[in-house]
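Report on the structure given below.
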There are 2 protein chains.
Amino acid sequence: MTLGRDQLVVIGGVAAGLAAAMEARRASADLHVTVLERTGDISYGACGLPYVVAGLIPSLQQLVVHTPEYFRERHGIEIRLNSEALEVLPAKSIVRVAENGEEREMGYGALVIATGAAAVCPPLPGHELEGVFVVRHMRDGRRMLRFIEEARPQSAVVVGAGYIGLEMAEAFTARGLRTTLVEASDKLMSALGGGARDRLADELRSNGVEVLFGERVVGFEGGAGRVARVLTESGGALVADIVSIGVGVRPEVGLARAAGLEVGEAGAIVTDERQRTSAGGVYAAGDCCEVLHRVSGRRVWNPLGQPAVRQGWVAGANAARGDGSTRARYAGVVGTNVCKVFRLEAARTGLSLEEARAAGFDAAETETETLSRAGYYPGAALIQTCLVTDRAGRLLGAQMVGREGVAQRVDVYAAALHAGLKADDIERLDLAYAPPFAPTIDPIIRAAHAARKREL
Amino acid sequence: MTLGRDQLVVIGGVAAGLAAAMEARRASADLHVTVLERTGDISYGACGLPYVVAGLIPSLQQLVVHTPEYFRERHGIEIRLNSEALEVLPAKSIVRVAENGEEREMGYGALVIATGAAAVCPPLPGHELEGVFVVRHMRDGRRMLRFIEEARPQSAVVVGAGYIGLEMAEAFTARGLRTTLVEASDKLMSALGGGARDRLADELRSNGVEVLFGERVVGFEGGAGRVARVLTESGGALVADIVSIGVGVRPEVGLARAAGLEVGEAGAIVTDERQRTSAGGVYAAGDCCEVLHRVSGRRVWNPLGQPAVRQGWVAGANAARGDGSTRARYAGVVGTNVCKVFRLEAARTGLSLEEARAAGFDAAETETETLSRAGYYPGAALIQTCLVTDRAGRLLGAQMVGREGVAQRVDVYAAALHAGLKADDIERLDLAYAPPFAPTIDPIIRAAHAARKREL
């Protein structure tokens, strides 16, 4: 089957892919839009998986946003499940697709590659044992939940203290498992060090999670094909009826590479701000792409849901209307991220001190500790803020940890990074004050004040 | 007693006055700093008064931040309580002061006027009855609490639905009183109309507060010198054992006017960005001053705690070091404010549609309704957002109402107003996402997206 120029093909049916398909539909009512999804699941909130494991959300089904029927019937978007793109041939504007055991070719007028990222499962001895999981896609969650139901694990080891690792440590604990978190570095969430790291580690430990820093996992052991122990470089053997590996993700670029598309230093597909790849008519969006980091000016790999959806919108609009005829541009990221760890919120935006220095900035950091509410108002909790600034006082990054009021406060710094504000400017912001929500002088301003004073 | 040129006199011992005194001390270790406070209270969080009335905070004493001894002993700042400035003579650099029944003169090298604002008590028949209160200063809170202890009121009427009125309605209800809120206009918090107003009114009513819009209070009646009824223009008589009047505040500018200082159209003291008044050596800060509204470009009166403290810092630094030798400037406000109303947060920044049009903008507003968290995450609640933009898409103002995640989200719009961002820019912000804290596309961005679409 070969379809014509009015055919938009999207490879990938989760965040970026569906955002692209929907935006293309909004841009053009006539376009044929087909989404190819390799798995049997589309349109779900993968970020919710840990909360289903925790039992906070009753079933995986609740993570599903829309069914294939919704896209077909409401928006005339053709969804092909269990449909895998095998090869892209940009010169011929053809995708080779495997579906129901058959291979066929689809022609396209425009193509959006939204193949996402895969969780890294290091090929350590024993990684194939039952009970060892990486959690990334819906099917991973389904497998893990089935295992938990059947095997009734009592103890868990989480490998890697990135945000997925932190969320899984909380999830297993909530589920009643004795949980150990093993991290090879001395950082949490890849960049959090110092007081913020210690506070998060304390929160984990006070909730019963054993936290091991500087421990490298070297393998898994078990019996009857099922995991029982996690082996560490220092000779430890951690009891584990279940293991969740969260040591990172890698962009799914096999298809793009084979098609000759440019892949950047960060290992992901290179696009311009219209999400165009190096091949005409081929766009890419989401976790398989590099993006501009607005603070460092470099192209980085930043696989997160919100940027993915927005790149999808941009790719979809441009793919539907053709280059240059739309205003759709992706502005890049400033590296904003937030994670809940039991009762703590940990958030970051911009560059850490190390990242700033590696990017060539003459940077310094300033730590402050302030209350989240008026001191006399019940529930006021300490927020730790670390601001990274350059010698001229320009904000380069912020990290915050606290029981409340962190997740949204970091967004003010994110906006400041977008606008290129200095600590001096941030100090002058007119922010909302009432005793239940902030002290008279907000933590955002206190931290900027301290950072500005440092520069004087 | 006449003191010399190394004497800084500050009139007013709460937010702005003490901020000025402290900043002056930081700027100069040698300066003599004297704070004159008319009442017997200094350094307290007046914004906490409703929460003491509510019983949430056990005693007024907890609102006190620092004692006079703290300022004297730790910072060498002389605090004179019950000390009233009767007259300022800028030509002679003298303040006439009444203290302990005696009058005397104090010379100053620099003077900071931080006389604040007074709650308006309209001279309606019966306003002098016992049980009728305006709540502004510590002593007002003390009187009201004593009355509540002694008279054990069962029913309350709150006159005026500004933020103080809303907080007092909640406070009385929390205290177990049957409470009626009477507002002459059809707005809440002076500018909130439409869906946001309705939602707040619903919240009040579902918590047992009777809410009357478009009702004007014309007087108070009672027996034995104590209030019992509130009379309205439409002929109503509302049962009231206690009445809290919150119909507005006015700047305390008597002293400044008499001294010949320039007072602006908004009725408050005119200063420049260094907080200098029209008289040499005389500064002013806080609720007695006009400030620059950065969105309208006009000088407005914006009596709130956070701007007051920051103007105090600027006045103190400049008063201590002399004009021009410091970088201290006040950048003005964008009109940010937040209020808790039972379980709702209501916040605003910038201009409302009416204010924007009155200021000459060709403005439109866009309302959106979005979830505060991922839809599948427990506790997700609706946030209503109203953005005001001009024809070019520039953000002019925002109002938000919701159960959570409003107080800090509005700060992102406040930062955007400072930086002069357009809806288009706000839509591109890279904001923090995790299911417990936000949907994939944050309400901030959804609202900006809708506002931008409107402009196309």
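Labels for the structure tokens follow display order: chains A, B, ..., residues from 1 in each chain, ligands from 1.
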
Within 7 Å of chain A: each chain B residue with its shortest pair, only C-alpha atoms, as a Markdown table:
```
| residue | atom | partner | partner_atom | distance |
| --- | --- | --- | --- | --- |
| B:Cys47 | CA | A:Pro435 | CA | 6.7 |
| B:Gly48 | CA | A:Pro435 | CA | 6.5 |
| B:Ile57 | CA | A:Tyr377 | CA | 6.9 |
| B:Gln62 | CA | A:Tyr376 | CA | 6.1 |
| B:Leu63 | CA | A:Tyr376 | CA | 6.1 |
| B:Gly305 | CA | A:Thr440 | CA | 6.4 |
| B:Gln306 | CA | A:Thr440 | CA | 5.2 |
| B:Ala331 | CA | A:Arg428 | CA | 6.1 |
| B:Val333 | CA | A:Asp430 | CA | 5.5 |
| B:Val334 | CA | A:Asp430 | CA | 6.1 |
| B:Thr336 | CA | A:Ala432 | CA | 5.2 |
| B:Asn337 | CA | A:Ala432 | CA | 4.8 |
| B:Val338 | CA | A:Ala432 | CA | 5.5 |
| B:Cys339 | CA | A:Ala434 | CA | 6.2 |
| B:Tyr376 | CA | A:Gln62 | CA | 6.0 |
| B:Tyr377 | CA | A:Ile57 | CA | 6.9 |
| B:Ala407 | CA | A:Phe437 | CA | 6.5 |
| B:Gln408 | CA | A:Gln408 | CA | 5.7 |
| B:Arg409 | CA | A:Gln408 | CA | 6.0 |
| B:Asp411 | CA | A:Leu431 | CA | 5.4 |
| B:Val412 | CA | A:Val412 | CA | 4.9 |
| B:Ala414 | CA | A:Leu431 | CA | 6.4 |
| B:Ala415 | CA | A:Leu429 | CA | 6.2 |
| B:His418 | CA | A:Leu429 | CA | 6.8 |
| B:Ala419 | CA | A:Ala419 | CA | 6.7 |
| B:Arg428 | CA | A:Ala331 | CA | 6.1 |
| B:Leu429 | CA | A:Ala415 | CA | 6.2 |
| B:Asp430 | CA | A:Val333 | CA | 5.5 |
| B:Leu431 | CA | A:Asp411 | CA | 5.4 |
| B:Ala432 | CA | A:Asn337 | CA | 4.8 |
| B:Tyr433 | CA | A:Val338 | CA | 6.1 |
| B:Ala434 | CA | A:Val338 | CA | 6.0 |
| B:Pro435 | CA | A:Gly48 | CA | 6.5 |
| B:Phe437 | CA | A:Ala407 | CA | 6.5 |
| B:Thr440 | CA | A:Gln306 | CA | 5.2 |
| B:Ile441 | CA | A:Gln306 | CA | 6.0 |
```

Range 365-369 of chain A surroundings by only C-alpha atoms, 7 Å radius, close-in-sequence under 3 positions cut, as a PDB file with N, CA and C atoms, in the first residue's frame:
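Output saved as selection14.pdb:
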```
ATOM      1  N   LEU A 353      25.895  23.868  39.559  1.00  0.00           N
ATOM      2  CA  LEU A 353      27.212  24.517  39.569  1.00  0.00           C
ATOM      3  C   LEU A 353      28.180  23.778  38.653  1.00  0.00           C
ATOM      4  N   LEU A 382      10.711  24.427  56.117  1.00  0.00           N
ATOM      5  CA  LEU A 382      11.939  24.975  55.535  1.00  0.00           C
ATOM      6  C   LEU A 382      12.084  24.615  54.057  1.00  0.00           C
ATOM      7  N   ILE A 383      12.443  25.595  53.276  1.00  0.00           N
ATOM      8  CA  ILE A 383      12.813  25.362  51.879  1.00  0.00           C
ATOM      9  C   ILE A 383      14.299  25.678  51.730  1.00  0.00           C
ATOM     10  N   GLN A 384      15.022  24.709  51.185  1.00  0.00           N
ATOM     11  CA  GLN A 384      16.429  24.958  50.872  1.00  0.00           C
ATOM     12  C   GLN A 384      16.540  25.340  49.411  1.00  0.00           C
ATOM     13  N   THR A 385      17.195  26.446  49.158  1.00  0.00           N
ATOM     14  CA  THR A 385      17.337  26.923  47.786  1.00  0.00           C
ATOM     15  C   THR A 385      18.805  27.109  47.475  1.00  0.00           C
ATOM     16  N   CYS A 386      19.201  26.629  46.327  1.00  0.00           N
ATOM     17  CA  CYS A 386      20.576  26.841  45.882  1.00  0.00           C
ATOM     18  C   CYS A 386      20.502  27.540  44.533  1.00  0.00           C
ATOM     19  N   LEU A 387      21.026  28.745  44.464  1.00  0.00           N
ATOM     20  CA  LEU A 387      21.034  29.476  43.196  1.00  0.00           C
ATOM     21  C   LEU A 387      22.446  29.478  42.613  1.00  0.00           C
ATOM     22  N   VAL A 388      22.518  29.243  41.322  1.00  0.00           N
ATOM     23  CA  VAL A 388      23.787  29.311  40.598  1.00  0.00           C
ATOM     24  C   VAL A 388      23.753  30.569  39.740  1.00  0.00           C
ATOM     25  N   THR A 389      24.751  31.420  39.914  1.00  0.00           N
ATOM     26  CA  THR A 389      24.803  32.676  39.166  1.00  0.00           C
ATOM     27  C   THR A 389      26.192  32.850  38.571  1.00  0.00           C
ATOM     28  N   ALA A 447      16.436  34.170  48.346  1.00  0.00           N
ATOM     29  CA  ALA A 447      17.558  33.470  47.720  1.00  0.00           C
ATOM     30  C   ALA A 447      18.242  34.377  46.701  1.00  0.00           C
ATOM     31  N   ALA A 450      20.348  36.926  48.526  1.00  0.00           N
ATOM     32  CA  ALA A 450      21.623  36.353  48.988  1.00  0.00           C
ATOM     33  C   ALA A 450      22.591  36.193  47.824  1.00  0.00           C
ATOM     34  N   ALA A 451      22.081  35.753  46.692  1.00  0.00           N
ATOM     35  CA  ALA A 451      22.952  35.559  45.519  1.00  0.00           C
ATOM     36  C   ALA A 451      23.476  36.901  45.024  1.00  0.00           C
TER      37      ALA A 451
END
```

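CA of Ala196 in chain A lies 22.8 Å from CA of Val157 in chain A.
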
From the set B:His449, B:Val230, B:Tyr108, B:Ala346, which residue has the shortest atom-to-atom contact distance to Asp424 in chain B, counting only C-alpha atoms?
B:His449

Applying 7 Å and only C-alpha atoms, which residues near Glu210 in chain B remain after dropping the ones on its own chain fewer than 4 positions away? List them as a PyMOL selection string.
chain B and resi 179-181+205

Just the residues within 12 Å of Glu105 in chain A, please, counting only C-alpha atoms, with nothing from its chain fewer than 5 positions along; format it as a count of residues only.
20

I want to know what sits within 12 Å of Gly223 in chain B, based on only C-alpha atoms, with residues of the same chain fewer than 2 positions away left out; could you give that as a list in words?
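Those residues are Gly126, Leu129, Glu130, Gly131, Phe220, Glu221, Gly225, Arg226, Val227, Ala228, Arg229, Ala240 and Asp241 of chain B.
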
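The set of residues in range 187-280 of chain B assigned to alpha helix (DSSP H) by DSSP, using only backbone atoms of this structure, is B:Gly194, B:Gly195, B:Ala196, B:Arg197, B:Asp198, B:Arg199, B:Leu200, B:Ala201, B:Asp202, B:Glu203, B:Leu204, B:Arg205, B:Ser206, B:Gly254, B:Leu255, B:Ala256, B:Arg257, B:Ala258.
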
Which residues come within 9 Å of Pro50 in chain B, counting only C-alpha atoms, excluding same-chain residues fewer than 2 positions away, as a JSON list (two decimals) with N, CA and C atoms, in the first residue's frame?
```json
[["chain", "number", "residue", "atom", "x", "y", "z"],
["B", 46, "ALA", "N", 0.87, 41.91, 60.97],
["B", 46, "ALA", "CA", -0.53, 42.31, 61.02],
["B", 46, "ALA", "C", -1.40, 41.40, 60.16],
["B", 47, "CYS", "N", -0.80, 40.83, 59.12],
["B", 47, "CYS", "CA", -1.56, 39.95, 58.22],
["B", 47, "CYS", "C", -2.02, 38.68, 58.93],
["B", 48, "GLY", "N", -1.44, 38.42, 60.10],
["B", 48, "GLY", "CA", -1.82, 37.21, 60.82],
["B", 48, "GLY", "C", -3.03, 37.39, 61.73],
["B", 52, "VAL", "N", -5.46, 34.60, 64.16],
["B", 52, "VAL", "CA", -5.58, 34.55, 65.61],
["B", 52, "VAL", "C", -7.05, 34.59, 65.99],
["B", 53, "VAL", "N", -7.82, 35.45, 65.33],
["B", 53, "VAL", "CA", -9.27, 35.49, 65.57],
["B", 53, "VAL", "C", -9.89, 34.12, 65.29],
["B", 54, "ALA", "N", -9.40, 33.47, 64.24],
["B", 54, "ALA", "CA", -9.92, 32.14, 63.88],
["B", 54, "ALA", "C", -9.58, 31.09, 64.93],
["B", 55, "GLY", "N", -8.55, 31.36, 65.73],
["B", 55, "GLY", "CA", -8.11, 30.37, 66.70],
["B", 55, "GLY", "C", -7.03, 29.45, 66.16],
["B", 56, "LEU", "N", -6.64, 29.69, 64.92],
["B", 56, "LEU", "CA", -5.62, 28.85, 64.29],
["B", 56, "LEU", "C", -4.25, 29.13, 64.90],
["B", 135, "VAL", "N", -10.19, 46.07, 61.74],
["B", 135, "VAL", "CA", -9.02, 45.33, 62.19],
["B", 135, "VAL", "C", -7.84, 45.68, 61.30],
["B", 141, "GLY", "N", -6.71, 44.04, 67.01],
["B", 141, "GLY", "CA", -6.85, 42.61, 67.24],
["B", 141, "GLY", "C", -7.05, 42.31, 68.71],
["B", 164, "ILE", "N", -9.31, 41.34, 53.37],
["B", 164, "ILE", "CA", -9.48, 41.32, 54.83],
["B", 164, "ILE", "C", -10.87, 40.81, 55.19],
["B", 167, "GLU", "N", -10.98, 37.08, 54.73],
["B", 167, "GLU", "CA", -10.26, 36.39, 55.81],
["B", 167, "GLU", "C", -11.03, 36.46, 57.12],
["B", 168, "MET", "N", -11.67, 37.59, 57.39],
["B", 168, "MET", "CA", -12.43, 37.71, 58.64],
["B", 168, "MET", "C", -13.68, 36.83, 58.60],
["B", 169, "ALA", "N", -14.31, 36.72, 57.43],
["B", 169, "ALA", "CA", -15.48, 35.84, 57.33],
["B", 169, "ALA", "C", -15.09, 34.40, 57.65],
["B", 170, "GLU", "N", -13.95, 33.99, 57.12],
["B", 170, "GLU", "CA", -13.46, 32.65, 57.43],
["B", 170, "GLU", "C", -13.11, 32.52, 58.91],
["B", 171, "ALA", "N", -12.48, 33.56, 59.45],
["B", 171, "ALA", "CA", -12.05, 33.53, 60.86],
["B", 171, "ALA", "C", -13.24, 33.39, 61.80],
["B", 172, "PHE", "N", -14.28, 34.20, 61.58],
["B", 172, "PHE", "CA", -15.47, 34.12, 62.44],
["B", 172, "PHE", "C", -16.12, 32.75, 62.33]]
```

For a test of reading the model, state the distance in Å between CA of Phe361 in chain A and CA of Gly193 in chain A, rounded to one decimal.
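Rounded to one decimal, the two atoms are 19.1 Å apart.
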
Nearest to Lys187 in chain A, chosen from A:Ala161, A:Ile242, A:Ala29, A:Ala91, with only C-alpha atoms counted in the distances
A:Ala161

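The interatomic distance for the pair CA of Leu177 in chain A and CA of Ala156 in chain A works out to 6.2 Å.
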